[in-house]
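First up is the structure itself, then whatever we jot down about it.
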Amino acid sequence: VSLGLLSVTAGGDQSYVEIHHQMQKDYALSILKEMEFMGEYSQEETVQSWHEAYATAYLAKKVDCDRNGVPDILKGYSLKSLVSHMLKGKMWSKVVVLLKDERFLQDRFDFMGLEEGTRAHVNDCRRFQHFMNNTENVIL
């Protein structure tokens, strides 16, 4: 099912929402420009803050879900994409903690399988290294 900026996709026994990020980004930036909200922030700063906001909100929600025994409906998406959001949000020290978290890695293996989970984790580690090599004034 396609909803324009989102698609609902069935994968195995689960359905999940796929977000068309570039379309959402383009749409949101056009609205911000039209409403003149980007005057004091660059496009890069605005996008960075969106990624940081998603990652921060998700991590807080995950703690609540774990504490209350409520299923985490965003778990699959976040196992695949959370590190990417955190990197784009320049959340360097939290990326280090997450990539070293054995539970996060085990959840990836359980959700994606050993091969795909390993590939995703190695790719995230490489992307983190790339960001570190290409970013000035990084404080961990």
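How things are named: the first chain in the structure tokens is A, the next is B, and so on; residues count from 1 in each chain; ligands count from 1 in the order shown.
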
Tell me, which residues of segment 51-117 of chain A carry DSSP alpha helix (DSSP H), written as JSON, numbers by chain? {"A": [51, 52, 53, 54, 55, 56, 57, 58, 59, 60, 61, 62, 63, 64, 65, 66, 67, 68, 75, 76, 77, 78, 79, 80, 81, 82, 83, 84, 85, 86, 87, 88, 92, 93, 94, 95, 96, 97, 98, 99, 100, 102, 103, 104, 105, 106, 107, 108, 109, 110, 111, 112, 114, 115, 116, 117]}

Who sits within 8 Å of Glu52 of chain A, only C-alpha atoms, same chain under 2 positions skipped, as a compact mmCIF listing (two decimals) with N, CA and C atoms, in the first residue's frame:
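Here's the written file result.txt:
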```txt
# COMPACT_ATOMS: atom_id res chain seq x y z
N GLN A 48 19.79 18.13 10.47
CA GLN A 48 20.48 17.52 11.60
C GLN A 48 19.57 17.46 12.82
N SER A 49 18.87 18.54 13.10
CA SER A 49 18.00 18.57 14.28
C SER A 49 16.83 17.61 14.15
N TRP A 50 16.32 17.39 12.93
CA TRP A 50 15.25 16.41 12.73
C TRP A 50 15.75 15.01 13.05
N TYR A 54 14.34 12.61 16.07
CA TYR A 54 13.82 11.26 15.90
C TYR A 54 14.54 10.29 16.82
N ALA A 55 15.88 10.31 16.80
CA ALA A 55 16.66 9.36 17.59
C ALA A 55 16.40 9.54 19.08
N THR A 56 16.36 10.77 19.53
CA THR A 56 16.12 11.04 20.95
C THR A 56 14.73 10.57 21.36
N HIS A 85 20.20 7.73 11.62
CA HIS A 85 19.61 8.96 12.15
C HIS A 85 20.55 9.62 13.16
N MET A 86 21.16 8.81 14.01
CA MET A 86 22.06 9.35 15.03
C MET A 86 23.31 9.96 14.40
N LYS A 88 23.51 11.25 11.33
CA LYS A 88 23.09 12.48 10.68
C LYS A 88 22.72 13.56 11.69
N GLY A 89 22.37 13.14 12.91
CA GLY A 89 22.08 14.08 13.99
C GLY A 89 23.31 14.46 14.80
N LYS A 90 24.47 13.93 14.39
CA LYS A 90 25.76 14.20 15.04
C LYS A 90 25.75 13.84 16.52
N MET A 91 25.15 12.71 16.81
CA MET A 91 25.06 12.20 18.18
C MET A 91 26.20 11.21 18.42
```
